[in-house]
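Asker: First the structure, which I've put down as structure tokens, then a few questions once you've had a look.
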Amino acid sequence: MVQGSLSKLPSGSAATFEEAKSRAQNQRRGRARVRSTMSTACFRDLFETGNYLGGGAYASVYSCRRRHPLSDKEKMQEFAVKIIEKIPTHSRQRCLNEVELFFKCRSNQHIIKVEETFDEDDAFYIIFEKVNGGPLMNAISRCK
């Protein structure tokens, strides 16, 4: 919605409305995109990686902890970080779709929660709550 400019339009003027709409779209295109929502800190500034937990075709998963915990609870809290290297064969949209899917499902108690994400020059970092118990495929095969 175009803010502020609709009140200046004469009523019933379709051409003027289209001009205002076009002007607003051009202004939006010129804005700089914000890279991070909260801060300019990168993953390595806020977290330290630990043991290798696993990997797949396009990502590796490590345990991690906060570098600067604010409480004893945060000091003990461990996360899993999925590191997706930015190489030409990996689709940026695929990473963004994965993050969006986890955020849409965050209210489901049966799906792990995304804590934070970082989009940096060299890689995507997706930080999840850590779930202990080994690989998921082992648990699925035991249920058969």
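Naming works like this for the structure tokens: A, B, ... for the chains as they're shown, residue 1 at the start of each chain, ligands 1 onward in shown order.
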If you run DSSP on this backbone, which residues of region 23-116 of chain A come out as helix (DSSP H, G or I), and could you give them as an MDAnalysis selection string?
Answerer: chainID A and resid 23:30 43:46 72:76 92:104
Asker: Pick out the residues sitting within 6 Å of region 61-70 of chain A, and hand them over as a ChimeraX atom specification; count only C-alpha atoms, and ignore anything fewer than 3 positions along from it in its own chain.
Answerer: /A:46-55,74-75,78-82
Asker: Would you output that residue set with all heavy atoms, as a tab-separated table (two decimals), in the first residue's frame?
Answerer:
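Now in part-v7.tsv:
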chain	number	residue	atom	x	y	z
A	46	LEU	N	29.43	-14.99	17.75
A	46	LEU	CA	28.45	-15.33	18.78
A	46	LEU	C	28.49	-16.79	19.25
A	46	LEU	O	28.04	-17.09	20.34
A	46	LEU	CB	27.05	-15.00	18.28
A	46	LEU	CG	26.81	-13.54	17.89
A	46	LEU	CD1	25.42	-13.37	17.30
A	46	LEU	CD2	27.00	-12.64	19.08
A	47	PHE	N	28.99	-17.69	18.40
A	47	PHE	CA	28.97	-19.12	18.71
A	47	PHE	C	30.33	-19.75	18.46
A	47	PHE	O	31.10	-19.28	17.62
A	47	PHE	CB	27.93	-19.85	17.84
A	47	PHE	CG	26.51	-19.47	18.15
A	47	PHE	CD1	25.89	-18.42	17.49
A	47	PHE	CD2	25.78	-20.18	19.08
A	47	PHE	CE1	24.59	-18.07	17.78
A	47	PHE	CE2	24.48	-19.84	19.37
A	47	PHE	CZ	23.88	-18.77	18.72
A	48	GLU	N	30.60	-20.83	19.18
A	48	GLU	CA	31.79	-21.63	18.91
A	48	GLU	C	31.34	-23.05	18.60
A	48	GLU	O	30.46	-23.59	19.28
A	48	GLU	CB	32.78	-21.60	20.07
A	48	GLU	CG	32.22	-22.00	21.40
A	48	GLU	CD	33.18	-21.76	22.55
A	48	GLU	OE1	34.02	-20.86	22.45
A	48	GLU	OE2	33.05	-22.50	23.55
A	49	THR	N	31.92	-23.63	17.57
A	49	THR	CA	31.52	-24.97	17.15
A	49	THR	C	32.24	-26.02	17.98
A	49	THR	O	33.34	-25.81	18.47
A	49	THR	CB	31.80	-25.20	15.65
A	49	THR	OG1	33.18	-24.95	15.40
A	49	THR	CG2	30.94	-24.30	14.79
A	50	GLY	N	31.59	-27.17	18.08
A	50	GLY	CA	32.14	-28.29	18.84
A	50	GLY	C	32.31	-29.50	17.95
A	50	GLY	O	32.85	-29.41	16.85
A	51	ASN	N	31.80	-30.64	18.41
A	51	ASN	CA	31.96	-31.92	17.72
A	51	ASN	C	31.16	-31.97	16.42
A	51	ASN	O	30.07	-31.39	16.32
A	51	ASN	CB	31.50	-33.07	18.61
A	51	ASN	CG	32.33	-33.16	19.87
A	51	ASN	OD1	33.48	-32.75	19.89
A	51	ASN	ND2	31.72	-33.70	20.92
A	52	TYR	N	31.69	-32.72	15.48
A	52	TYR	CA	30.99	-33.00	14.23
A	52	TYR	C	29.87	-33.99	14.53
A	52	TYR	O	30.11	-35.04	15.13
A	52	TYR	CB	31.98	-33.58	13.20
A	52	TYR	CG	31.36	-33.99	11.90
A	52	TYR	CD1	31.04	-33.04	10.94
A	52	TYR	CD2	31.11	-35.32	11.63
A	52	TYR	CE1	30.49	-33.42	9.72
A	52	TYR	CE2	30.55	-35.71	10.42
A	52	TYR	CZ	30.24	-34.75	9.47
A	52	TYR	OH	29.68	-35.13	8.28
A	53	LEU	N	28.64	-33.67	14.13
A	53	LEU	CA	27.51	-34.55	14.41
A	53	LEU	C	27.08	-35.37	13.20
A	53	LEU	O	26.52	-36.45	13.35
A	53	LEU	CB	26.31	-33.72	14.91
A	53	LEU	CG	26.53	-32.94	16.20
A	53	LEU	CD1	25.31	-32.08	16.50
A	53	LEU	CD2	26.84	-33.87	17.35
A	54	GLY	N	27.30	-34.83	12.02
A	54	GLY	CA	26.89	-35.55	10.81
A	54	GLY	C	26.90	-34.63	9.62
A	54	GLY	O	27.24	-33.45	9.71
A	55	GLY	N	26.53	-35.19	8.49
A	55	GLY	CA	26.51	-34.40	7.27
A	55	GLY	C	25.69	-35.07	6.20
A	55	GLY	O	25.26	-36.22	6.35
A	74	GLU	N	22.03	-20.54	29.83
A	74	GLU	CA	22.58	-20.39	28.49
A	74	GLU	C	23.97	-20.99	28.39
A	74	GLU	O	24.37	-21.48	27.33
A	74	GLU	CB	22.64	-18.91	28.08
A	74	GLU	CG	21.32	-18.36	27.64
A	74	GLU	CD	21.43	-16.95	27.08
A	74	GLU	OE1	22.55	-16.40	26.99
A	74	GLU	OE2	20.38	-16.39	26.73
A	75	LYS	N	24.72	-20.97	29.48
A	75	LYS	CA	26.07	-21.53	29.48
A	75	LYS	C	26.02	-23.04	29.23
A	75	LYS	O	26.89	-23.60	28.57
A	75	LYS	CB	26.75	-21.24	30.82
A	75	LYS	CG	28.23	-21.57	30.86
A	75	LYS	CD	28.82	-21.29	32.22
A	75	LYS	CE	28.92	-19.79	32.42
A	75	LYS	NZ	29.63	-19.43	33.67
A	78	GLU	N	23.26	-26.32	24.63
A	78	GLU	CA	23.98	-26.72	23.43
A	78	GLU	C	23.02	-26.68	22.24
A	78	GLU	O	21.83	-26.98	22.39
A	78	GLU	CB	24.53	-28.13	23.61
A	78	GLU	CG	25.94	-28.27	23.17
A	78	GLU	CD	26.47	-29.68	23.35
A	78	GLU	OE1	25.86	-30.49	24.07
A	78	GLU	OE2	27.51	-29.95	22.75
A	79	PHE	N	23.54	-26.32	21.08
A	79	PHE	CA	22.74	-26.25	19.86
A	79	PHE	C	23.38	-27.12	18.80
A	79	PHE	O	24.52	-27.57	18.95
A	79	PHE	CB	22.68	-24.81	19.35
A	79	PHE	CG	22.10	-23.83	20.31
A	79	PHE	CD1	22.91	-23.05	21.10
A	79	PHE	CD2	20.73	-23.69	20.44
A	79	PHE	CE1	22.39	-22.14	22.00
A	79	PHE	CE2	20.19	-22.79	21.33
A	79	PHE	CZ	21.02	-22.01	22.11
A	80	ALA	N	22.68	-27.33	17.72
A	80	ALA	CA	23.22	-27.97	16.53
A	80	ALA	C	23.22	-26.91	15.44
A	80	ALA	O	22.22	-26.19	15.26
A	80	ALA	CB	22.38	-29.16	16.11
A	81	VAL	N	24.32	-26.76	14.73
A	81	VAL	CA	24.39	-25.78	13.65
A	81	VAL	C	24.60	-26.52	12.33
A	81	VAL	O	25.48	-27.37	12.21
A	81	VAL	CB	25.50	-24.72	13.87
A	81	VAL	CG1	26.86	-25.34	14.02
A	81	VAL	CG2	25.50	-23.69	12.75
A	82	LYS	N	23.74	-26.21	11.38
A	82	LYS	CA	23.86	-26.77	10.04
A	82	LYS	C	24.59	-25.73	9.20
A	82	LYS	O	24.12	-24.61	9.05
A	82	LYS	CB	22.48	-27.06	9.47
A	82	LYS	CG	22.49	-27.72	8.12
A	82	LYS	CD	21.07	-28.08	7.71
A	82	LYS	CE	21.05	-28.97	6.49
A	82	LYS	NZ	19.68	-29.37	6.16
Asker: Using only C-alpha atoms, which residues sit within 7 Å of region 86-92 of chain A once same-chain residues fewer than 3 positions away are excluded, as a ChimeraX atom specification?
Answerer: /A:95-96,122-123
Asker: Those residues you just picked out, can you put them in a file as a PDB file, in the first residue's frame with C-alpha atoms?
Answerer:
ATOM      1  CA  CYS A  95      18.426 -22.824   1.796  1.00  0.00           C
ATOM      2  CA  LEU A  96      15.881 -20.050   2.202  1.00  0.00           C
ATOM      3  CA  ASP A 122      30.967 -17.982   2.805  1.00  0.00           C
ATOM      4  CA  ALA A 123      28.046 -20.024   4.176  1.00  0.00           C
TER       5      ALA A 123
END
Asker: Can you pull out every residue within 8 Å of region 106-116 of chain A, counting only C-alpha atoms, but drop anything in the same chain fewer than 6 positions away, and send it as an mmCIF file with all heavy atoms, in the first residue's frame?
Answerer:
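And here's selection_34.cif as it stands now:
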data_model
loop_
_atom_site.group_PDB
_atom_site.id
_atom_site.type_symbol
_atom_site.label_atom_id
_atom_site.label_comp_id
_atom_site.auth_asym_id
_atom_site.auth_seq_id
_atom_site.Cartn_x
_atom_site.Cartn_y
_atom_site.Cartn_z
ATOM 1 N N VAL A 99 14.760 -22.807 5.653
ATOM 2 C CA VAL A 99 14.605 -21.949 6.828
ATOM 3 C C VAL A 99 13.145 -21.541 6.987
ATOM 4 O O VAL A 99 12.589 -21.592 8.091
ATOM 5 C CB VAL A 99 15.518 -20.709 6.722
ATOM 6 C CG1 VAL A 99 15.199 -19.704 7.807
ATOM 7 C CG2 VAL A 99 16.970 -21.126 6.786
ATOM 8 N N ILE A 126 22.437 -22.359 10.069
ATOM 9 C CA ILE A 126 21.103 -22.529 10.638
ATOM 10 C C ILE A 126 21.290 -23.198 11.994
ATOM 11 O O ILE A 126 21.783 -24.326 12.074
ATOM 12 C CB ILE A 126 20.200 -23.385 9.736
ATOM 13 C CG1 ILE A 126 20.167 -22.816 8.309
ATOM 14 C CG2 ILE A 126 18.791 -23.457 10.317
ATOM 15 C CD1 ILE A 126 19.460 -23.701 7.310
ATOM 16 N N ILE A 127 20.909 -22.503 13.056
ATOM 17 C CA ILE A 127 21.116 -23.009 14.411
ATOM 18 C C ILE A 127 19.807 -23.580 14.930
ATOM 19 O O ILE A 127 18.797 -22.889 14.995
ATOM 20 C CB ILE A 127 21.638 -21.892 15.330
ATOM 21 C CG1 ILE A 127 22.958 -21.372 14.759
ATOM 22 C CG2 ILE A 127 21.810 -22.407 16.751
ATOM 23 C CD1 ILE A 127 23.465 -20.154 15.424
ATOM 24 N N PHE A 128 19.851 -24.861 15.287
ATOM 25 C CA PHE A 128 18.690 -25.593 15.781
ATOM 26 C C PHE A 128 18.882 -25.925 17.260
ATOM 27 O O PHE A 128 20.013 -25.965 17.746
ATOM 28 C CB PHE A 128 18.549 -26.936 15.049
ATOM 29 C CG PHE A 128 18.287 -26.835 13.585
ATOM 30 C CD1 PHE A 128 19.321 -26.941 12.673
ATOM 31 C CD2 PHE A 128 17.008 -26.650 13.103
ATOM 32 C CE1 PHE A 128 19.088 -26.870 11.315
ATOM 33 C CE2 PHE A 128 16.755 -26.577 11.748
ATOM 34 C CZ PHE A 128 17.799 -26.691 10.850
ATOM 35 N N GLU A 129 17.768 -26.214 17.931
ATOM 36 C CA GLU A 129 17.888 -26.814 19.255
ATOM 37 C C GLU A 129 18.541 -28.175 19.054
ATOM 38 O O GLU A 129 18.354 -28.819 18.021
ATOM 39 C CB GLU A 129 16.522 -26.955 19.920
ATOM 40 C CG GLU A 129 15.591 -27.936 19.226
ATOM 41 C CD GLU A 129 14.263 -28.100 19.920
ATOM 42 O OE1 GLU A 129 14.217 -28.027 21.156
ATOM 43 O OE2 GLU A 129 13.269 -28.303 19.227
ATOM 44 N N LYS A 130 19.342 -28.610 20.001
ATOM 45 C CA LYS A 130 20.019 -29.897 19.861
ATOM 46 C C LYS A 130 19.179 -30.986 20.498
ATOM 47 O O LYS A 130 18.724 -30.853 21.628
ATOM 48 C CB LYS A 130 21.398 -29.856 20.502
ATOM 49 C CG LYS A 130 22.185 -31.125 20.240
ATOM 50 C CD LYS A 130 23.587 -31.032 20.759
ATOM 51 C CE LYS A 130 24.306 -32.337 20.498
ATOM 52 N NZ LYS A 130 25.595 -32.358 21.172
ATOM 53 N N VAL A 131 18.982 -32.063 19.746
ATOM 54 C CA VAL A 131 18.215 -33.211 20.220
ATOM 55 C C VAL A 131 19.180 -34.381 20.327
ATOM 56 O O VAL A 131 19.812 -34.761 19.350
ATOM 57 C CB VAL A 131 17.061 -33.539 19.246
ATOM 58 C CG1 VAL A 131 16.275 -34.735 19.732
ATOM 59 C CG2 VAL A 131 16.160 -32.333 19.067
#
Asker: Between CA of Tyr58 (chain A) and CA of Phe102 (chain A), what is the spacing in Å?
Answerer: 17.6 Å
Asker: Could you check which of A:Thr40, A:Gln93, A:Ser60, A:Asn138 is closest to Glu120 (chain A), using only C-alpha atoms?
Answerer: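 Answer, going by the shortest atom-to-atom distance: A:Thr40.
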